[in-house]
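Asks: Supplied structure: coords-v1.pdb, PDB, C-alpha atoms.
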```
MODEL        1
ATOM      1  CA  MET A   6     -31.123  54.981  34.036  1.00  0.00           C
ATOM      2  CA  ALA A   7     -30.943  51.229  33.551  1.00  0.00           C
ATOM      3  CA  ARG A   8     -31.691  51.386  29.845  1.00  0.00           C
ATOM      4  CA  ASN A   9     -28.774  53.769  29.267  1.00  0.00           C
ATOM      5  CA  LYS A  10     -26.294  51.906  31.474  1.00  0.00           C
ATOM      6  CA  HIS A  11     -27.216  48.327  30.683  1.00  0.00           C
ATOM      7  CA  PRO A  12     -29.483  48.135  27.607  1.00  0.00           C
ATOM      8  CA  GLU A  13     -28.857  44.399  27.163  1.00  0.00           C
ATOM      9  CA  GLU A  14     -29.846  43.693  30.761  1.00  0.00           C
ATOM     10  CA  THR A  15     -32.998  45.775  30.297  1.00  0.00           C
ATOM     11  CA  VAL A  16     -33.941  43.865  27.147  1.00  0.00           C
ATOM     12  CA  ASN A  17     -33.262  40.535  28.871  1.00  0.00           C
ATOM     13  CA  LEU A  18     -35.464  41.558  31.810  1.00  0.00           C
ATOM     14  CA  ILE A  19     -38.313  42.703  29.548  1.00  0.00           C
ATOM     15  CA  LEU A  20     -38.212  39.456  27.543  1.00  0.00           C
ATOM     16  CA  ALA A  21     -37.970  37.261  30.644  1.00  0.00           C
ATOM     17  CA  VAL A  22     -40.950  38.984  32.257  1.00  0.00           C
ATOM     18  CA  ALA A  23     -42.953  38.960  29.036  1.00  0.00           C
ATOM     19  CA  PHE A  24     -42.250  35.258  28.468  1.00  0.00           C
ATOM     20  CA  ARG A  25     -43.384  34.366  31.984  1.00  0.00           C
ATOM     21  CA  LEU A  26     -46.583  36.386  31.633  1.00  0.00           C
ATOM     22  CA  PHE A  27     -47.325  35.021  28.159  1.00  0.00           C
ATOM     23  CA  MET A  28     -46.914  31.486  29.525  1.00  0.00           C
ATOM     24  CA  GLU A  29     -49.098  32.195  32.569  1.00  0.00           C
ATOM     25  CA  LYS A  30     -51.829  34.327  31.009  1.00  0.00           C
ATOM     26  CA  GLY A  31     -51.422  33.892  27.265  1.00  0.00           C
ATOM     27  CA  TYR A  32     -50.393  36.597  24.811  1.00  0.00           C
ATOM     28  CA  GLU A  33     -53.924  37.904  24.290  1.00  0.00           C
ATOM     29  CA  HIS A  34     -54.530  38.381  28.017  1.00  0.00           C
ATOM     30  CA  THR A  35     -51.208  40.081  28.776  1.00  0.00           C
ATOM     31  CA  SER A  36     -51.061  43.852  28.376  1.00  0.00           C
ATOM     32  CA  ILE A  37     -48.073  46.155  28.122  1.00  0.00           C
ATOM     33  CA  GLN A  38     -49.109  47.462  31.545  1.00  0.00           C
ATOM     34  CA  ASP A  39     -48.915  43.923  32.964  1.00  0.00           C
ATOM     35  CA  ILE A  40     -45.325  43.709  31.732  1.00  0.00           C
ATOM     36  CA  ILE A  41     -44.479  47.142  33.185  1.00  0.00           C
ATOM     37  CA  ASP A  42     -45.973  46.166  36.545  1.00  0.00           C
ATOM     38  CA  ASN A  43     -43.584  43.213  36.749  1.00  0.00           C
ATOM     39  CA  LEU A  44     -40.395  45.019  35.732  1.00  0.00           C
ATOM     40  CA  GLY A  45     -39.401  46.137  39.214  1.00  0.00           C
ATOM     41  CA  GLY A  46     -39.745  49.861  38.679  1.00  0.00           C
ATOM     42  CA  LEU A  47     -38.755  50.209  35.023  1.00  0.00           C
ATOM     43  CA  SER A  48     -40.897  52.769  33.209  1.00  0.00           C
ATOM     44  CA  LYS A  49     -43.082  52.432  30.146  1.00  0.00           C
ATOM     45  CA  GLY A  50     -40.430  54.491  28.372  1.00  0.00           C
ATOM     46  CA  ALA A  51     -37.856  51.804  29.103  1.00  0.00           C
ATOM     47  CA  ILE A  52     -39.990  49.294  27.201  1.00  0.00           C
ATOM     48  CA  TYR A  53     -40.746  51.582  24.271  1.00  0.00           C
ATOM     49  CA  HIS A  54     -37.075  52.496  23.995  1.00  0.00           C
ATOM     50  CA  HIS A  55     -36.441  48.900  22.912  1.00  0.00           C
ATOM     51  CA  PHE A  56     -39.803  47.659  21.580  1.00  0.00           C
ATOM     52  CA  LYS A  57     -42.455  49.611  19.703  1.00  0.00           C
ATOM     53  CA  SER A  58     -45.313  47.253  20.570  1.00  0.00           C
ATOM     54  CA  LYS A  59     -46.379  44.084  22.359  1.00  0.00           C
ATOM     55  CA  GLU A  60     -46.163  42.352  18.979  1.00  0.00           C
ATOM     56  CA  GLU A  61     -42.457  43.206  18.745  1.00  0.00           C
ATOM     57  CA  ILE A  62     -41.931  41.810  22.244  1.00  0.00           C
ATOM     58  CA  LEU A  63     -43.614  38.531  21.236  1.00  0.00           C
ATOM     59  CA  MET A  64     -41.448  38.254  18.125  1.00  0.00           C
ATOM     60  CA  ALA A  65     -38.312  38.835  20.207  1.00  0.00           C
ATOM     61  CA  VAL A  66     -39.465  36.298  22.813  1.00  0.00           C
ATOM     62  CA  THR A  67     -40.106  33.738  20.053  1.00  0.00           C
ATOM     63  CA  ASP A  68     -36.710  34.423  18.469  1.00  0.00           C
ATOM     64  CA  ARG A  69     -35.038  33.759  21.821  1.00  0.00           C
ATOM     65  CA  MET A  70     -37.058  30.562  22.271  1.00  0.00           C
ATOM     66  CA  THR A  71     -36.156  29.153  18.862  1.00  0.00           C
ATOM     67  CA  GLU A  72     -32.537  30.312  18.625  1.00  0.00           C
ATOM     68  CA  GLU A  73     -30.984  27.093  19.913  1.00  0.00           C
ATOM     69  CA  SER A  74     -33.306  24.684  18.102  1.00  0.00           C
ATOM     70  CA  ASN A  75     -32.807  26.597  14.830  1.00  0.00           C
ATOM     71  CA  ARG A  76     -29.131  25.695  15.061  1.00  0.00           C
ATOM     72  CA  THR A  77     -30.201  22.049  15.154  1.00  0.00           C
ATOM     73  CA  LEU A  78     -32.221  22.552  11.979  1.00  0.00           C
ATOM     74  CA  MET A  79     -29.194  24.131  10.294  1.00  0.00           C
ATOM     75  CA  GLU A  80     -27.079  21.155  11.321  1.00  0.00           C
ATOM     76  CA  ILE A  81     -29.611  18.808   9.690  1.00  0.00           C
ATOM     77  CA  ARG A  82     -29.612  20.925   6.526  1.00  0.00           C
ATOM     78  CA  ASP A  83     -25.818  20.702   6.344  1.00  0.00           C
ATOM     79  CA  ARG A  84     -25.444  16.981   7.141  1.00  0.00           C
ATOM     80  CA  GLN A  85     -23.443  14.919   4.639  1.00  0.00           C
ATOM     81  CA  ASP A  86     -24.834  11.465   5.483  1.00  0.00           C
ATOM     82  CA  LEU A  87     -28.400  11.978   4.176  1.00  0.00           C
ATOM     83  CA  ASN A  88     -29.801  12.488   0.702  1.00  0.00           C
ATOM     84  CA  GLY A  89     -32.212  15.333   0.012  1.00  0.00           C
ATOM     85  CA  LYS A  90     -35.392  13.338   0.606  1.00  0.00           C
ATOM     86  CA  GLU A  91     -34.084  11.865   3.876  1.00  0.00           C
ATOM     87  CA  LYS A  92     -32.934  15.295   4.984  1.00  0.00           C
ATOM     88  CA  LEU A  93     -36.360  16.823   4.247  1.00  0.00           C
ATOM     89  CA  LYS A  94     -38.057  14.206   6.441  1.00  0.00           C
ATOM     90  CA  THR A  95     -35.492  14.664   9.213  1.00  0.00           C
ATOM     91  CA  ILE A  96     -35.818  18.452   9.283  1.00  0.00           C
ATOM     92  CA  PHE A  97     -39.637  18.311   9.256  1.00  0.00           C
ATOM     93  CA  LYS A  98     -39.697  15.829  12.114  1.00  0.00           C
ATOM     94  CA  ALA A  99     -37.134  17.788  14.124  1.00  0.00           C
ATOM     95  CA  SER A 100     -39.046  21.028  13.583  1.00  0.00           C
ATOM     96  CA  ILE A 101     -42.387  19.578  14.688  1.00  0.00           C
ATOM     97  CA  CYS A 102     -41.012  17.532  17.569  1.00  0.00           C
ATOM     98  CA  ARG A 103     -38.640  20.077  19.110  1.00  0.00           C
ATOM     99  CA  PRO A 104     -39.684  20.724  22.732  1.00  0.00           C
ATOM    100  CA  VAL A 105     -39.734  24.519  22.294  1.00  0.00           C
ATOM    101  CA  GLN A 106     -42.871  24.117  20.166  1.00  0.00           C
ATOM    102  CA  ASN A 107     -44.818  23.418  23.368  1.00  0.00           C
ATOM    103  CA  ASP A 108     -43.916  26.876  24.654  1.00  0.00           C
ATOM    104  CA  ILE A 109     -44.588  28.514  21.287  1.00  0.00           C
ATOM    105  CA  PHE A 110     -48.079  27.017  21.091  1.00  0.00           C
ATOM    106  CA  THR A 111     -48.713  27.996  24.725  1.00  0.00           C
ATOM    107  CA  VAL A 112     -47.865  31.686  24.286  1.00  0.00           C
ATOM    108  CA  ALA A 113     -49.283  31.875  20.758  1.00  0.00           C
ATOM    109  CA  PRO A 114     -51.548  34.779  19.820  1.00  0.00           C
ATOM    110  CA  ASN A 115     -54.774  34.627  17.876  1.00  0.00           C
ATOM    111  CA  PHE A 116     -53.388  35.534  14.476  1.00  0.00           C
ATOM    112  CA  SER A 117     -56.804  36.623  13.195  1.00  0.00           C
ATOM    113  CA  ASN A 118     -56.635  39.464  15.732  1.00  0.00           C
ATOM    114  CA  ASN A 119     -53.023  40.312  14.939  1.00  0.00           C
ATOM    115  CA  PRO A 120     -52.531  41.025  11.215  1.00  0.00           C
ATOM    116  CA  LYS A 121     -49.015  42.396  11.772  1.00  0.00           C
ATOM    117  CA  LEU A 122     -47.939  39.143  13.378  1.00  0.00           C
ATOM    118  CA  LEU A 123     -49.576  37.128  10.608  1.00  0.00           C
ATOM    119  CA  PHE A 124     -47.764  39.179   7.967  1.00  0.00           C
ATOM    120  CA  SER A 125     -44.505  38.725   9.880  1.00  0.00           C
ATOM    121  CA  LEU A 126     -45.017  34.941   9.909  1.00  0.00           C
ATOM    122  CA  LEU A 127     -45.797  34.931   6.184  1.00  0.00           C
ATOM    123  CA  SER A 128     -42.727  37.033   5.414  1.00  0.00           C
ATOM    124  CA  ASP A 129     -40.486  34.860   7.565  1.00  0.00           C
ATOM    125  CA  THR A 130     -41.849  31.703   5.905  1.00  0.00           C
ATOM    126  CA  ILE A 131     -41.182  32.955   2.363  1.00  0.00           C
ATOM    127  CA  GLU A 132     -38.088  35.103   2.891  1.00  0.00           C
ATOM    128  CA  GLU A 133     -36.221  33.110   5.562  1.00  0.00           C
ATOM    129  CA  VAL A 134     -37.417  29.525   6.047  1.00  0.00           C
ATOM    130  CA  ALA A 135     -38.046  28.571   2.403  1.00  0.00           C
ATOM    131  CA  PRO A 136     -34.749  29.871   0.931  1.00  0.00           C
ATOM    132  CA  ASN A 137     -32.492  29.114   3.905  1.00  0.00           C
ATOM    133  CA  TYR A 138     -33.758  25.722   5.075  1.00  0.00           C
ATOM    134  CA  ILE A 139     -35.986  24.024   2.479  1.00  0.00           C
ATOM    135  CA  LEU A 140     -34.552  25.162  -0.871  1.00  0.00           C
ATOM    136  CA  PRO A 141     -30.965  23.985  -0.197  1.00  0.00           C
ATOM    137  CA  ILE A 142     -32.311  20.544   0.716  1.00  0.00           C
ATOM    138  CA  ILE A 143     -34.450  20.342  -2.424  1.00  0.00           C
ATOM    139  CA  GLU A 144     -31.514  21.447  -4.573  1.00  0.00           C
ATOM    140  CA  GLN A 145     -29.372  18.731  -2.999  1.00  0.00           C
ATOM    141  CA  GLY A 146     -32.164  16.214  -3.622  1.00  0.00           C
ATOM    142  CA  ILE A 147     -32.279  17.165  -7.302  1.00  0.00           C
ATOM    143  CA  LEU A 148     -28.532  16.578  -7.568  1.00  0.00           C
ATOM    144  CA  ASP A 149     -28.595  13.218  -5.768  1.00  0.00           C
ATOM    145  CA  GLY A 150     -31.765  12.048  -7.570  1.00  0.00           C
ATOM    146  CA  SER A 151     -33.973  11.692  -4.493  1.00  0.00           C
ATOM    147  CA  ILE A 152     -36.178  14.701  -5.394  1.00  0.00           C
ATOM    148  CA  ARG A 153     -37.515  15.483  -8.855  1.00  0.00           C
ATOM    149  CA  THR A 154     -38.731  18.945  -9.782  1.00  0.00           C
ATOM    150  CA  GLU A 155     -37.953  21.612 -12.349  1.00  0.00           C
ATOM    151  CA  TYR A 156     -39.114  24.320  -9.947  1.00  0.00           C
ATOM    152  CA  PRO A 157     -37.115  23.969  -6.702  1.00  0.00           C
ATOM    153  CA  LYS A 158     -37.738  27.523  -5.446  1.00  0.00           C
ATOM    154  CA  GLN A 159     -41.490  27.314  -5.979  1.00  0.00           C
ATOM    155  CA  LEU A 160     -41.688  23.815  -4.484  1.00  0.00           C
ATOM    156  CA  ALA A 161     -39.793  24.977  -1.389  1.00  0.00           C
ATOM    157  CA  GLU A 162     -42.227  27.878  -0.943  1.00  0.00           C
ATOM    158  CA  LEU A 163     -45.302  25.683  -1.505  1.00  0.00           C
ATOM    159  CA  ILE A 164     -44.212  23.009   0.976  1.00  0.00           C
ATOM    160  CA  ILE A 165     -43.385  25.417   3.773  1.00  0.00           C
ATOM    161  CA  LEU A 166     -46.431  27.648   3.180  1.00  0.00           C
ATOM    162  CA  VAL A 167     -48.726  24.651   3.536  1.00  0.00           C
ATOM    163  CA  ALA A 168     -46.822  23.356   6.580  1.00  0.00           C
ATOM    164  CA  ASN A 169     -46.331  26.680   8.399  1.00  0.00           C
ATOM    165  CA  ILE A 170     -49.543  28.479   7.438  1.00  0.00           C
ATOM    166  CA  TRP A 171     -52.345  26.240   6.142  1.00  0.00           C
ATOM    167  CA  ILE A 172     -51.917  23.419   8.673  1.00  0.00           C
ATOM    168  CA  ASN A 173     -51.033  25.796  11.511  1.00  0.00           C
ATOM    169  CA  PRO A 174     -53.868  25.714  14.125  1.00  0.00           C
ATOM    170  CA  MET A 175     -52.662  29.058  15.497  1.00  0.00           C
ATOM    171  CA  ILE A 176     -53.859  30.763  12.312  1.00  0.00           C
ATOM    172  CA  PHE A 177     -57.150  29.031  11.548  1.00  0.00           C
ATOM    173  CA  GLY A 178     -58.058  27.820  15.046  1.00  0.00           C
ATOM    174  CA  ASN A 179     -58.382  24.240  13.832  1.00  0.00           C
ATOM    175  CA  THR A 180     -59.553  21.445  16.106  1.00  0.00           C
ATOM    176  CA  GLU A 181     -57.507  18.245  16.406  1.00  0.00           C
ATOM    177  CA  GLU A 182     -59.777  16.585  13.841  1.00  0.00           C
ATOM    178  CA  GLN A 183     -59.436  19.458  11.367  1.00  0.00           C
ATOM    179  CA  THR A 184     -55.663  19.519  11.843  1.00  0.00           C
ATOM    180  CA  TYR A 185     -55.523  15.760  11.240  1.00  0.00           C
ATOM    181  CA  SER A 186     -57.478  16.111   7.981  1.00  0.00           C
ATOM    182  CA  LYS A 187     -55.213  18.898   6.750  1.00  0.00           C
ATOM    183  CA  PHE A 188     -52.117  16.890   7.646  1.00  0.00           C
ATOM    184  CA  MET A 189     -53.460  13.916   5.669  1.00  0.00           C
ATOM    185  CA  VAL A 190     -53.997  16.123   2.606  1.00  0.00           C
ATOM    186  CA  PHE A 191     -50.498  17.563   3.048  1.00  0.00           C
ATOM    187  CA  SER A 192     -49.117  14.022   3.235  1.00  0.00           C
ATOM    188  CA  GLU A 193     -50.971  13.079   0.023  1.00  0.00           C
ATOM    189  CA  MET A 194     -49.640  16.198  -1.695  1.00  0.00           C
ATOM    190  CA  MET A 195     -46.076  15.353  -0.672  1.00  0.00           C
ATOM    191  CA  ARG A 196     -46.461  11.786  -1.925  1.00  0.00           C
ATOM    192  CA  GLY A 197     -47.603  13.261  -5.232  1.00  0.00           C
ATOM    193  CA  PHE A 198     -44.178  14.879  -5.467  1.00  0.00           C
ATOM    194  CA  GLY A 199     -42.559  11.546  -4.593  1.00  0.00           C
ATOM    195  CA  LEU A 200     -41.880  12.732  -1.058  1.00  0.00           C
ATOM    196  CA  ASP A 201     -43.469  10.146   1.232  1.00  0.00           C
ATOM    197  CA  ILE A 202     -41.847  11.666   4.294  1.00  0.00           C
ATOM    198  CA  MET A 203     -44.733  12.123   6.757  1.00  0.00           C
ATOM    199  CA  ASP A 204     -45.284   9.508   9.458  1.00  0.00           C
ATOM    200  CA  GLU A 205     -47.509   8.686  12.431  1.00  0.00           C
ATOM    201  CA  GLU A 206     -45.198  10.363  14.959  1.00  0.00           C
ATOM    202  CA  MET A 207     -45.538  13.670  13.099  1.00  0.00           C
ATOM    203  CA  ILE A 208     -49.336  13.590  12.986  1.00  0.00           C
ATOM    204  CA  GLU A 209     -49.531  12.686  16.683  1.00  0.00           C
ATOM    205  CA  ARG A 210     -47.213  15.572  17.488  1.00  0.00           C
ATOM    206  CA  ILE A 211     -49.141  18.159  15.457  1.00  0.00           C
ATOM    207  CA  GLN A 212     -52.368  17.018  17.143  1.00  0.00           C
ATOM    208  CA  GLU A 213     -50.661  17.402  20.524  1.00  0.00           C
ATOM    209  CA  LEU A 214     -49.605  20.957  19.648  1.00  0.00           C
ATOM    210  CA  THR A 215     -53.144  21.728  18.472  1.00  0.00           C
ATOM    211  CA  THR A 216     -54.468  20.618  21.876  1.00  0.00           C
ATOM    212  CA  ILE A 217     -51.917  22.838  23.657  1.00  0.00           C
ATOM    213  CA  TYR A 218     -52.975  25.845  21.589  1.00  0.00           C
ATOM    214  CA  GLN A 219     -56.703  25.233  22.014  1.00  0.00           C
ATOM    215  CA  LYS A 220     -56.249  24.823  25.778  1.00  0.00           C
ATOM    216  CA  ASN A 221     -54.414  28.123  26.127  1.00  0.00           C
ATOM    217  CA  LYS A 222     -56.455  30.275  23.742  1.00  0.00           C
TER     218      LYS A 222
ENDMDL
END
```
Could you render the structure as structure tokens?

Replies:
Amino acid sequence: MARNKHPEETVNLILAVAFRLFMEKGYEHTSIQDIIDNLGGLSKGAIYHHFKSKEEILMAVTDRMTEESNRTLMEIRDRQDLNGKEKLKTIFKASICRPVQNDIFTVAPNFSNNPKLLFSLLSDTIEEVAPNYILPIIEQGILDGSIRTEYPKQLAELIILVANIWINPMIFGNTEEQTYSKFMVFSEMMRGFGLDIMDEEMIERIQELTTIYQKNK
């Protein structure tokens, strides 16, 4: 069987089909059976051999989508020509403005209906993004004097929780206006920490992503 001979090819096919269907129909309106029907004869067992649920397929699809742009974020984190504050602004802007976000917001699920996915996003935010992307930048900023805090770990978690969760229209179903208001509060909060790093391009982009999500709900 294909899954025994070429497991990587099978996984690639499943993810390619799932991505196309998620883009066309949206995650909520795509069933496991829809994916099976488009796999060219592969069985349900072939899917469940590699993925336990549709949620796992979405997470794998998203990982594939963000793999390349995440390397860009790592490059920003490791740059030597920016201080911590400048680096924080650059990585935020790059994260929001990266083209793959359009696809992510198009295929996005309704997180209120998918607690496992919401928990996965929370875990990834605290256990991966905060320590691996934000904390090293804040620690550099403390050393170069551009960021002042006695609690770098907690500040890293707070910043990325607000950015990834509270502002995220995929979680609370915010309208453009609501997203704008939250972004303004986030910007005020950051200025309170001496981090005036948000700009008009970022707010326009987050409103654009909100529109994409609302359109494809």

Asks: Would you mind telling me which residue in A:Asn17, A:Ser36, A:Ser128, A:Thr215 lies nearest to Phe177 (chain A) when using all atoms listed in the file?

Replies: A:Thr215

Asks: Taking the file above as input, evaluate the PyMOL selection byres ((chain A and resi 97) around 10) and report the hits as a list in words.

Replies: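 This file gives the following for the PyMOL selection byres ((chain A and resi 97) around 10): Leu78, Lys92, Leu93, Lys94, Thr95, Ile96, Lys98, Ala99, Ser100, Ile101, Cys102, Ile139, Ile165, Ala168, Ile202, Met203 and Met207 of chain A.
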
Asks: Would you write out those residues with C-alpha atoms, as a CSV table (one decimal), in the coordinates of the input?

Replies:
```csv
chain,number,residue,atom,x,y,z
A,78,LEU,CA,-32.2,22.6,12.0
A,92,LYS,CA,-32.9,15.3,5.0
A,93,LEU,CA,-36.4,16.8,4.2
A,94,LYS,CA,-38.1,14.2,6.4
A,95,THR,CA,-35.5,14.7,9.2
A,96,ILE,CA,-35.8,18.5,9.3
A,98,LYS,CA,-39.7,15.8,12.1
A,99,ALA,CA,-37.1,17.8,14.1
A,100,SER,CA,-39.0,21.0,13.6
A,101,ILE,CA,-42.4,19.6,14.7
A,102,CYS,CA,-41.0,17.5,17.6
A,139,ILE,CA,-36.0,24.0,2.5
A,165,ILE,CA,-43.4,25.4,3.8
A,168,ALA,CA,-46.8,23.4,6.6
A,202,ILE,CA,-41.8,11.7,4.3
A,203,MET,CA,-44.7,12.1,6.8
A,207,MET,CA,-45.5,13.7,13.1
```

Asks: Which is closest to Met70 (chain A) among A:Ile109, A:Ile170, A:Ile217, A:Ala51, if we use all atoms listed in the file?

Replies: A:Ile109

Asks: For the atom pair CA of Tyr218 (chain A) and CA of Ala21 (chain A), what is the interatomic distance in Å to one decimal place?

Replies: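 Here the two named atoms are 20.9 Å from each other.
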
Asks: Calculated over all atoms listed in the file, which of the candidates A:Lys59, A:Phe27, A:Leu123, A:Tyr138 has the smallest distance to Thr77 (chain A)?

Replies: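 Among the listed residues, A:Tyr138 lies closest to Thr77 (chain A).
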
Asks: Please enumerate the residues selected by the PyMOL selection byres ((chain A and resi 26) around 12) when evaluated against the supplied file, formatted as a PDB file with C-alpha atoms, in the coordinates of the input.

Replies:
```
ATOM      1  CA  ILE A  19     -38.313  42.703  29.548  1.00  0.00           C
ATOM      2  CA  LEU A  20     -38.212  39.456  27.543  1.00  0.00           C
ATOM      3  CA  ALA A  21     -37.970  37.261  30.644  1.00  0.00           C
ATOM      4  CA  VAL A  22     -40.950  38.984  32.257  1.00  0.00           C
ATOM      5  CA  ALA A  23     -42.953  38.960  29.036  1.00  0.00           C
ATOM      6  CA  PHE A  24     -42.250  35.258  28.468  1.00  0.00           C
ATOM      7  CA  ARG A  25     -43.384  34.366  31.984  1.00  0.00           C
ATOM      8  CA  PHE A  27     -47.325  35.021  28.159  1.00  0.00           C
ATOM      9  CA  MET A  28     -46.914  31.486  29.525  1.00  0.00           C
ATOM     10  CA  GLU A  29     -49.098  32.195  32.569  1.00  0.00           C
ATOM     11  CA  LYS A  30     -51.829  34.327  31.009  1.00  0.00           C
ATOM     12  CA  GLY A  31     -51.422  33.892  27.265  1.00  0.00           C
ATOM     13  CA  TYR A  32     -50.393  36.597  24.811  1.00  0.00           C
ATOM     14  CA  GLU A  33     -53.924  37.904  24.290  1.00  0.00           C
ATOM     15  CA  HIS A  34     -54.530  38.381  28.017  1.00  0.00           C
ATOM     16  CA  THR A  35     -51.208  40.081  28.776  1.00  0.00           C
ATOM     17  CA  SER A  36     -51.061  43.852  28.376  1.00  0.00           C
ATOM     18  CA  ILE A  37     -48.073  46.155  28.122  1.00  0.00           C
ATOM     19  CA  GLN A  38     -49.109  47.462  31.545  1.00  0.00           C
ATOM     20  CA  ASP A  39     -48.915  43.923  32.964  1.00  0.00           C
ATOM     21  CA  ILE A  40     -45.325  43.709  31.732  1.00  0.00           C
ATOM     22  CA  ILE A  41     -44.479  47.142  33.185  1.00  0.00           C
ATOM     23  CA  ASP A  42     -45.973  46.166  36.545  1.00  0.00           C
ATOM     24  CA  ASN A  43     -43.584  43.213  36.749  1.00  0.00           C
ATOM     25  CA  LEU A  44     -40.395  45.019  35.732  1.00  0.00           C
ATOM     26  CA  ILE A  62     -41.931  41.810  22.244  1.00  0.00           C
ATOM     27  CA  LEU A  63     -43.614  38.531  21.236  1.00  0.00           C
ATOM     28  CA  VAL A  66     -39.465  36.298  22.813  1.00  0.00           C
ATOM     29  CA  THR A 111     -48.713  27.996  24.725  1.00  0.00           C
ATOM     30  CA  VAL A 112     -47.865  31.686  24.286  1.00  0.00           C
TER      31      VAL A 112
END
```

Asks: Rank nothing, just name the residue among A:Met195, A:Ile208, A:Leu18, A:Leu200 nearest to Glu181 (chain A), using all atoms listed in the file.

Replies: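 Closest candidate: A:Ile208.
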
Asks: When distances are computed from only C-alpha atoms, which of A:Asp108, A:Glu133, A:Glu205, A:Asp149 shows the smallest separation from Gln85 (chain A)?

Replies: A:Asp149

Asks: What does the distance between CA of Pro141 (chain A) and CA of Leu163 (chain A) come to in Å, to one decimal place?

Replies: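 That distance, rounded to one decimal, is 14.5 Å.
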
Asks: Could you name the residues that touch Lys121 (chain A) at 10 Å or less, counting only C-alpha atoms, but leaving out those on the same chain fewer than 5 positions away, as a ChimeraX atom specification?

Replies: /A:60-61,116,126-127

Asks: Within 12 Å of (-53.3, 18.6, 6.6) (coordinates as in the file), grab all the protein and nucleic acid residues, counting only C-alpha atoms, and write them out as a VMD selection string.

Replies: chain A and resid 164 166 to 174 179 to 195 203 207 to 208 211 to 212

Asks: Using C-alpha atoms, can you write the selected residues to a file as an mmCIF file, in the coordinates of the input?

Replies:
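out33.cif, freshly written:
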```cif
data_model
loop_
_atom_site.group_PDB
_atom_site.id
_atom_site.type_symbol
_atom_site.label_atom_id
_atom_site.label_comp_id
_atom_site.auth_asym_id
_atom_site.auth_seq_id
_atom_site.Cartn_x
_atom_site.Cartn_y
_atom_site.Cartn_z
ATOM 1 C CA ILE A 164 -44.212 23.009 0.976
ATOM 2 C CA LEU A 166 -46.431 27.648 3.180
ATOM 3 C CA VAL A 167 -48.726 24.651 3.536
ATOM 4 C CA ALA A 168 -46.822 23.356 6.580
ATOM 5 C CA ASN A 169 -46.331 26.680 8.399
ATOM 6 C CA ILE A 170 -49.543 28.479 7.438
ATOM 7 C CA TRP A 171 -52.345 26.240 6.142
ATOM 8 C CA ILE A 172 -51.917 23.419 8.673
ATOM 9 C CA ASN A 173 -51.033 25.796 11.511
ATOM 10 C CA PRO A 174 -53.868 25.714 14.125
ATOM 11 C CA ASN A 179 -58.382 24.240 13.832
ATOM 12 C CA THR A 180 -59.553 21.445 16.106
ATOM 13 C CA GLU A 181 -57.507 18.245 16.406
ATOM 14 C CA GLU A 182 -59.777 16.585 13.841
ATOM 15 C CA GLN A 183 -59.436 19.458 11.367
ATOM 16 C CA THR A 184 -55.663 19.519 11.843
ATOM 17 C CA TYR A 185 -55.523 15.760 11.240
ATOM 18 C CA SER A 186 -57.478 16.111 7.981
ATOM 19 C CA LYS A 187 -55.213 18.898 6.750
ATOM 20 C CA PHE A 188 -52.117 16.890 7.646
ATOM 21 C CA MET A 189 -53.460 13.916 5.669
ATOM 22 C CA VAL A 190 -53.997 16.123 2.606
ATOM 23 C CA PHE A 191 -50.498 17.563 3.048
ATOM 24 C CA SER A 192 -49.117 14.022 3.235
ATOM 25 C CA GLU A 193 -50.971 13.079 0.023
ATOM 26 C CA MET A 194 -49.640 16.198 -1.695
ATOM 27 C CA MET A 195 -46.076 15.353 -0.672
ATOM 28 C CA MET A 203 -44.733 12.123 6.757
ATOM 29 C CA MET A 207 -45.538 13.670 13.099
ATOM 30 C CA ILE A 208 -49.336 13.590 12.986
ATOM 31 C CA ILE A 211 -49.141 18.159 15.457
ATOM 32 C CA GLN A 212 -52.368 17.018 17.143
#
```

Asks: Report, in Å to a single decimal, how far apart CA of Gly197 (chain A) and CA of Lys158 (chain A) are.

Replies: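 Between CA of Lys158 (chain A) and CA of Gly197 (chain A) the gap works out to 17.3 Å.
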
Asks: Can you pull out every residue within 9 Å of Phe198 (chain A), counting all atoms listed in the file, but drop anything in the same chain fewer than 5 positions away, and send it as a PyMOL selection string?

Replies: chain A and resi 152-154+193

Asks: Please write the residues from the selection above to a file, keeping C-alpha atoms, as a compact mmCIF listing (two decimals), in the coordinates of the input.

Replies:
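Done, and the output landed in result.txt:
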```txt
# COMPACT_ATOMS: atom_id res chain seq x y z
CA ILE A 152 -36.18 14.70 -5.39
CA ARG A 153 -37.52 15.48 -8.86
CA THR A 154 -38.73 18.94 -9.78
CA GLU A 193 -50.97 13.08 0.02
```

Asks: Which residue out of A:Asn118, A:Thr15, A:Thr216, A:Gln159 has the minimum interatomic distance to Gly50 (chain A) when all atoms listed in the file are used?

Replies: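 Under the stated criterion, the closest residue is A:Thr15.
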
Asks: Give me the residues near Leu140 (chain A) as a PyMOL selection string, where near means some atom within 8 Å (using all atoms listed in the file) and where sequence neighbours in that chain fewer than 4 positions away do not count.

Replies: chain A and resi 135-136+144+157-158+161

Asks: Region 194-198 of chain A, all listed atoms, 8 Å padding on each side: what axis-aligned box centre and edge lengths in Å to one decimal come out, as JSON?

Replies:
```
{"center_x": -46.9, "center_y": 14.0, "center_z": -3.1, "size_x": 21.5, "size_y": 20.4, "size_z": 20.8}
```
